[in-house]
Number of protein chains: 2
Amino acid sequence: MINRLRELIPEPALRRLPWYLAYVTLLRERGVEYVSSTAISRGINVDAAQIAKDLSFLDIKGKTRIGYEVELLEHKLEEFLGFRKRHRAAIVGVGSLGRALMQDSGLANYGLEIVAGFDVNPDLIGSQWFGKPIYDVAELSERAAGLDVEIGIVTVPVEYAQEVADHIIAAGLKAIWNFTPYRIQAPEGIVISNTSIYAHLAVMYNRMLSEK
Amino acid sequence: MINRLRELIPEPALRRLPWYLAYVTLLRERGVEYVSSTAISRGINVDAAQIAKDLSFLDIKGKTRIGYEVELLEHKLEEFLGFRKRHRAAIVGVGSLGRALMQDSGLANYGLEIVAGFDVNPDLIGSQWFGKPIYDVAELSERAAGLDVEIGIVTVPVEYAQEVADHIIAAGLKAIWNFTPYRIQAPEGIVISNTSIYAHLAVMYNRMLSEK
């Protein structure tokens, strides 16, 4: 049932849910017990009708006048977003960004457990970073099953993005989180999620020019 | 003239330009001299007509049959995207992500120069990270002009996002690059750019469920 609902939710709505979650967590920490979509709207600057519509995809009902129970809403949001499950992942490319992600304990709160790193640098191979082993990228296929990873995180320089993605797919992983600006090509059934912080920079610069 | 063009380009097109740039840089490094939109299309898996249309916003013309000059296209893309200018920025929140951004030399290739960090932690204040000073966040207003920064990068825990943004705006900075999932509120004229990696995680998990 949850799976059916997930497939029905439009991606823009799905992308807004983490905003509500961040705000609801804040309210819970402040000891607030109930919140209406109107109150969320004031808090995070999103249209109240939009919020109510987005939250209708969740298995939760607000009460007339008092709204949603804060703790329950937080729980339902985390569950719906997949943040309450463990998703095991490996970093490929233990450079500055790769290391930052390996040491970011915040990701575990969002269901991502990075269990190992892979690199080509002989100085790194065989060492550990924040308690996580770093292996030779050539061993990805043989180690993937033992590590029980389903997500490969690509943090290599852009020119190696496709090659590394091919290794990840050959190793039987199901999803690639791509931090390079390269558009990775993959067969059907492999999930590719692109996070290009440089594209965000370009949009920001452009808007700064328009404001001048 | 460039400014007028910038305002005309739709944001989805602007977001795609860094993909083309990454691919064109790769071609230049491989010694390729000319490239057509059809060849870019095959390389990065984006519709060729779309690519040609997006590139029409740039001040560059392809030649019949042989296409765009690779080096010139790379230069024009970097220029249009604002990556050839220096944009001075300060990190607010020198935690794991903040430190990673301060040490990421890659950002400089995209026009972002992080010149200082700000934090509340007395153990960090007065120290340096990768040669960049870390100051007390309470000193943001008095230091901003001397540092000549125009962008504040918010890498604090979510519950401090708005408070820190208010400090950044009060200090006279023009743009906020927000890495928290909180929807920061700001007066007109302040550019807010949101990069929430957790929203990307949620979308990835959701698509992984759909593929099962």
# chains A, B, ... in the order shown; residues from 1 in each chain; ligands from 1
call {"tool": "closest_atom_pairs", "arguments": {"of": "chain B", "to": "chain A", "cutoff": "8 Å", "atoms": "only C-alpha atoms", "output": "JSON lines"}}
result
{"residue": "B:Asn3", "atom": "CA", "partner": "A:Leu209", "partner_atom": "CA", "distance": 6.9}
{"residue": "B:Arg6", "atom": "CA", "partner": "A:Asn206", "partner_atom": "CA", "distance": 6.6}
{"residue": "B:Glu7", "atom": "CA", "partner": "A:Ser210", "partner_atom": "CA", "distance": 6.5}
{"residue": "B:Glu11", "atom": "CA", "partner": "A:Val203", "partner_atom": "CA", "distance": 7.2}
{"residue": "B:Leu14", "atom": "CA", "partner": "A:Val203", "partner_atom": "CA", "distance": 6.8}
{"residue": "B:Arg15", "atom": "CA", "partner": "A:Ala199", "partner_atom": "CA", "distance": 5.4}
{"residue": "B:Arg16", "atom": "CA", "partner": "A:Ala199", "partner_atom": "CA", "distance": 7.6}
{"residue": "B:Leu17", "atom": "CA", "partner": "A:Ala199", "partner_atom": "CA", "distance": 7.9}
{"residue": "B:Pro18", "atom": "CA", "partner": "A:Ala199", "partner_atom": "CA", "distance": 5.8}
{"residue": "B:Trp19", "atom": "CA", "partner": "A:Pro181", "partner_atom": "CA", "distance": 5.4}
{"residue": "B:Ala22", "atom": "CA", "partner": "A:Tyr182", "partner_atom": "CA", "distance": 6.0}
{"residue": "B:Tyr23", "atom": "CA", "partner": "A:Tyr182", "partner_atom": "CA", "distance": 6.7}
{"residue": "B:Leu26", "atom": "CA", "partner": "A:Glu159", "partner_atom": "CA", "distance": 6.1}
{"residue": "B:Ile44", "atom": "CA", "partner": "A:Arg183", "partner_atom": "CA", "distance": 5.2}
{"residue": "B:Asn45", "atom": "CA", "partner": "A:Arg183", "partner_atom": "CA", "distance": 6.9}
{"residue": "B:Leu81", "atom": "CA", "partner": "A:Ala202", "partner_atom": "CA", "distance": 5.1}
{"residue": "B:Gly82", "atom": "CA", "partner": "A:Tyr205", "partner_atom": "CA", "distance": 6.1}
{"residue": "B:Phe83", "atom": "CA", "partner": "A:Ala202", "partner_atom": "CA", "distance": 7.4}
{"residue": "B:Ser96", "atom": "CA", "partner": "A:Asp104", "partner_atom": "CA", "distance": 6.2}
{"residue": "B:Leu97", "atom": "CA", "partner": "A:Ala100", "partner_atom": "CA", "distance": 6.3}
{"residue": "B:Ala100", "atom": "CA", "partner": "A:Ala100", "partner_atom": "CA", "distance": 5.6}
{"residue": "B:Leu101", "atom": "CA", "partner": "A:Leu97", "partner_atom": "CA", "distance": 7.9}
{"residue": "B:Gln103", "atom": "CA", "partner": "A:Ser96", "partner_atom": "CA", "distance": 7.2}
{"residue": "B:Asp104", "atom": "CA", "partner": "A:Ser96", "partner_atom": "CA", "distance": 6.2}
{"residue": "B:Leu107", "atom": "CA", "partner": "A:Tyr198", "partner_atom": "CA", "distance": 7.9}
{"residue": "B:Tyr110", "atom": "CA", "partner": "A:Tyr198", "partner_atom": "CA", "distance": 6.8}
{"residue": "B:Val158", "atom": "CA", "partner": "A:Ala22", "partner_atom": "CA", "distance": 7.0}
{"residue": "B:Glu159", "atom": "CA", "partner": "A:Leu26", "partner_atom": "CA", "distance": 6.1}
{"residue": "B:Lys174", "atom": "CA", "partner": "A:Met208", "partner_atom": "CA", "distance": 7.4}
{"residue": "B:Ala175", "atom": "CA", "partner": "A:Met208", "partner_atom": "CA", "distance": 7.1}
{"residue": "B:Trp177", "atom": "CA", "partner": "A:Met204", "partner_atom": "CA", "distance": 7.9}
{"residue": "B:Pro181", "atom": "CA", "partner": "A:Trp19", "partner_atom": "CA", "distance": 5.4}
{"residue": "B:Tyr182", "atom": "CA", "partner": "A:Trp19", "partner_atom": "CA", "distance": 5.9}
{"residue": "B:Arg183", "atom": "CA", "partner": "A:Ile44", "partner_atom": "CA", "distance": 5.1}
{"residue": "B:Ile184", "atom": "CA", "partner": "A:Ile44", "partner_atom": "CA", "distance": 7.0}
{"residue": "B:Gln185", "atom": "CA", "partner": "A:Asn45", "partner_atom": "CA", "distance": 6.9}
{"residue": "B:Gly189", "atom": "CA", "partner": "A:Glu211", "partner_atom": "CA", "distance": 5.9}
{"residue": "B:Ile190", "atom": "CA", "partner": "A:Glu211", "partner_atom": "CA", "distance": 7.9}
{"residue": "B:Val191", "atom": "CA", "partner": "A:Met208", "partner_atom": "CA", "distance": 6.3}
{"residue": "B:Ile192", "atom": "CA", "partner": "A:Met204", "partner_atom": "CA", "distance": 7.5}
{"residue": "B:Ser193", "atom": "CA", "partner": "A:Met204", "partner_atom": "CA", "distance": 5.9}
{"residue": "B:Asn194", "atom": "CA", "partner": "A:His200", "partner_atom": "CA", "distance": 7.8}
{"residue": "B:Thr195", "atom": "CA", "partner": "A:His200", "partner_atom": "CA", "distance": 7.2}
{"residue": "B:Ile197", "atom": "CA", "partner": "A:Thr195", "partner_atom": "CA", "distance": 7.2}
{"residue": "B:Tyr198", "atom": "CA", "partner": "A:Tyr110", "partner_atom": "CA", "distance": 6.8}
{"residue": "B:Ala199", "atom": "CA", "partner": "A:Arg15", "partner_atom": "CA", "distance": 5.4}
{"residue": "B:His200", "atom": "CA", "partner": "A:Ser193", "partner_atom": "CA", "distance": 7.0}
{"residue": "B:Leu201", "atom": "CA", "partner": "A:Tyr110", "partner_atom": "CA", "distance": 7.7}
{"residue": "B:Ala202", "atom": "CA", "partner": "A:Leu81", "partner_atom": "CA", "distance": 5.1}
{"residue": "B:Val203", "atom": "CA", "partner": "A:Leu14", "partner_atom": "CA", "distance": 6.8}
{"residue": "B:Met204", "atom": "CA", "partner": "A:Ser193", "partner_atom": "CA", "distance": 5.9}
{"residue": "B:Tyr205", "atom": "CA", "partner": "A:Gly82", "partner_atom": "CA", "distance": 6.1}
{"residue": "B:Asn206", "atom": "CA", "partner": "A:Arg6", "partner_atom": "CA", "distance": 6.6}
{"residue": "B:Arg207", "atom": "CA", "partner": "A:Val191", "partner_atom": "CA", "distance": 6.6}
{"residue": "B:Met208", "atom": "CA", "partner": "A:Val191", "partner_atom": "CA", "distance": 6.3}
{"residue": "B:Leu209", "atom": "CA", "partner": "A:Asn3", "partner_atom": "CA", "distance": 7.0}
{"residue": "B:Ser210", "atom": "CA", "partner": "A:Glu7", "partner_atom": "CA", "distance": 6.4}
{"residue": "B:Glu211", "atom": "CA", "partner": "A:Gly189", "partner_atom": "CA", "distance": 5.9}
call {"tool": "select_by_dssp", "arguments": {"residues": "stretch 9-109 of chain B", "states": "strand (DSSP E or B)", "output": "PyMOL selection string"}}
result
chain B and resi 34-35+63+67-69+87-92
call {"tool": "write_last_selection", "arguments": {"atoms": "all heavy atoms", "output": "compact mmCIF listing (two decimals), in the first residue's frame"}}
result
# COMPACT_ATOMS: atom_id res chain seq x y z
N TYR B 34 36.32 19.96 -32.52
CA TYR B 34 34.96 20.40 -32.85
C TYR B 34 33.94 19.40 -32.33
O TYR B 34 34.23 18.20 -32.27
CB TYR B 34 34.78 20.55 -34.37
CG TYR B 34 35.53 21.75 -34.91
CD1 TYR B 34 36.84 21.61 -35.37
CD2 TYR B 34 34.93 23.01 -34.94
CE1 TYR B 34 37.54 22.71 -35.85
CE2 TYR B 34 35.62 24.11 -35.42
CZ TYR B 34 36.93 23.96 -35.87
OH TYR B 34 37.60 25.05 -36.32
N VAL B 35 32.77 19.90 -31.98
CA VAL B 35 31.71 19.00 -31.53
C VAL B 35 30.35 19.54 -31.96
O VAL B 35 30.10 20.75 -31.90
CB VAL B 35 31.76 18.80 -29.99
CG1 VAL B 35 31.43 20.10 -29.25
CG2 VAL B 35 30.81 17.69 -29.53
N LYS B 63 29.42 25.68 -36.70
CA LYS B 63 29.59 25.68 -38.16
C LYS B 63 28.86 24.47 -38.73
O LYS B 63 28.84 23.40 -38.14
CB LYS B 63 31.07 25.61 -38.52
CG LYS B 63 31.82 26.90 -38.21
CD LYS B 63 33.30 26.76 -38.54
CE LYS B 63 34.09 27.88 -37.87
NZ LYS B 63 35.53 27.63 -37.85
N GLY B 67 30.20 21.68 -36.45
CA GLY B 67 29.71 22.00 -35.11
C GLY B 67 30.46 23.14 -34.43
O GLY B 67 31.00 24.03 -35.08
N TYR B 68 30.50 23.09 -33.11
CA TYR B 68 31.11 24.15 -32.30
C TYR B 68 32.60 23.88 -32.10
O TYR B 68 33.02 22.73 -31.96
CB TYR B 68 30.46 24.22 -30.92
CG TYR B 68 28.96 24.40 -30.94
CD1 TYR B 68 28.11 23.30 -30.87
CD2 TYR B 68 28.40 25.68 -31.04
CE1 TYR B 68 26.73 23.46 -30.89
CE2 TYR B 68 27.02 25.84 -31.06
CZ TYR B 68 26.19 24.72 -30.99
OH TYR B 68 24.83 24.89 -31.01
N GLU B 69 33.37 24.98 -32.01
CA GLU B 69 34.77 24.84 -31.65
C GLU B 69 34.81 24.51 -30.15
O GLU B 69 34.29 25.27 -29.33
CB GLU B 69 35.46 26.17 -31.93
CG GLU B 69 36.93 26.07 -32.23
CD GLU B 69 37.55 27.44 -32.43
OE1 GLU B 69 36.98 28.26 -33.19
OE2 GLU B 69 38.58 27.70 -31.78
N HIS B 87 33.65 35.01 -7.06
CA HIS B 87 32.59 35.35 -6.13
C HIS B 87 33.09 34.99 -4.74
O HIS B 87 33.29 33.81 -4.44
CB HIS B 87 31.33 34.56 -6.44
CG HIS B 87 30.81 34.74 -7.85
ND1 HIS B 87 31.31 34.03 -8.92
CD2 HIS B 87 29.87 35.57 -8.37
CE1 HIS B 87 30.68 34.39 -10.03
NE2 HIS B 87 29.80 35.33 -9.72
N ARG B 88 33.28 36.00 -3.90
CA ARG B 88 33.84 35.74 -2.57
C ARG B 88 32.74 35.34 -1.57
O ARG B 88 31.69 35.97 -1.52
CB ARG B 88 34.61 36.98 -2.09
CG ARG B 88 35.89 37.21 -2.91
CD ARG B 88 36.54 38.53 -2.59
NE ARG B 88 37.08 38.58 -1.25
CZ ARG B 88 38.32 38.24 -0.91
NH1 ARG B 88 39.15 37.78 -1.82
NH2 ARG B 88 38.73 38.35 0.35
N ALA B 89 33.01 34.30 -0.81
CA ALA B 89 31.99 33.74 0.08
C ALA B 89 32.57 33.42 1.45
O ALA B 89 33.77 33.21 1.60
CB ALA B 89 31.41 32.47 -0.55
N ALA B 90 31.68 33.39 2.45
CA ALA B 90 32.05 32.94 3.79
C ALA B 90 31.15 31.76 4.17
O ALA B 90 29.96 31.74 3.86
CB ALA B 90 31.87 34.07 4.80
N ILE B 91 31.77 30.78 4.83
CA ILE B 91 31.04 29.63 5.36
C ILE B 91 30.50 30.01 6.74
O ILE B 91 31.26 30.55 7.56
CB ILE B 91 32.00 28.42 5.54
CG1 ILE B 91 32.41 27.85 4.19
CG2 ILE B 91 31.41 27.37 6.47
CD1 ILE B 91 31.43 26.87 3.59
N VAL B 92 29.23 29.76 7.02
CA VAL B 92 28.75 29.91 8.38
C VAL B 92 28.34 28.52 8.89
O VAL B 92 27.36 27.93 8.40
CB VAL B 92 27.59 30.91 8.48
CG1 VAL B 92 27.25 31.17 9.94
CG2 VAL B 92 27.95 32.22 7.78
call {"tool": "closest_residue", "arguments": {"among": "A:Glu71, A:Glu79, A:Glu163, A:Asp148", "to": "A:Val24", "atoms": "only C-alpha atoms"}}
result
A:Glu71
call {"tool": "atom_distance", "arguments": {"atom1": "atom CA of B:Ala52", "atom2": "atom CA of B:Leu8"}}
result
16.1 Å
call {"tool": "residues_around", "arguments": {"residues": "B:Ala138", "least_positions_apart": "3", "cutoff": "10 Å", "atoms": "only C-alpha atoms", "output": "ChimeraX atom specification"}}
result
/B:118-120,135,141-143,164,167
call {"tool": "atom_distance", "arguments": {"atom1": "atom CA of A:Gly62", "atom2": "atom CA of A:Lys76"}}
result
12.4 Å
call {"tool": "atom_distance", "arguments": {"atom1": "atom CA of A:Val115", "atom2": "atom CA of A:Glu74"}}
result
26.6 Å
call {"tool": "select_by_dssp", "arguments": {"residues": "stretch 30-206 of chain B", "states": "alpha helix (DSSP H)", "output": "PyMOL selection string"}}
result
chain B and resi 37-44+48-55+70-80+96-103+140-147+161-170+197-206
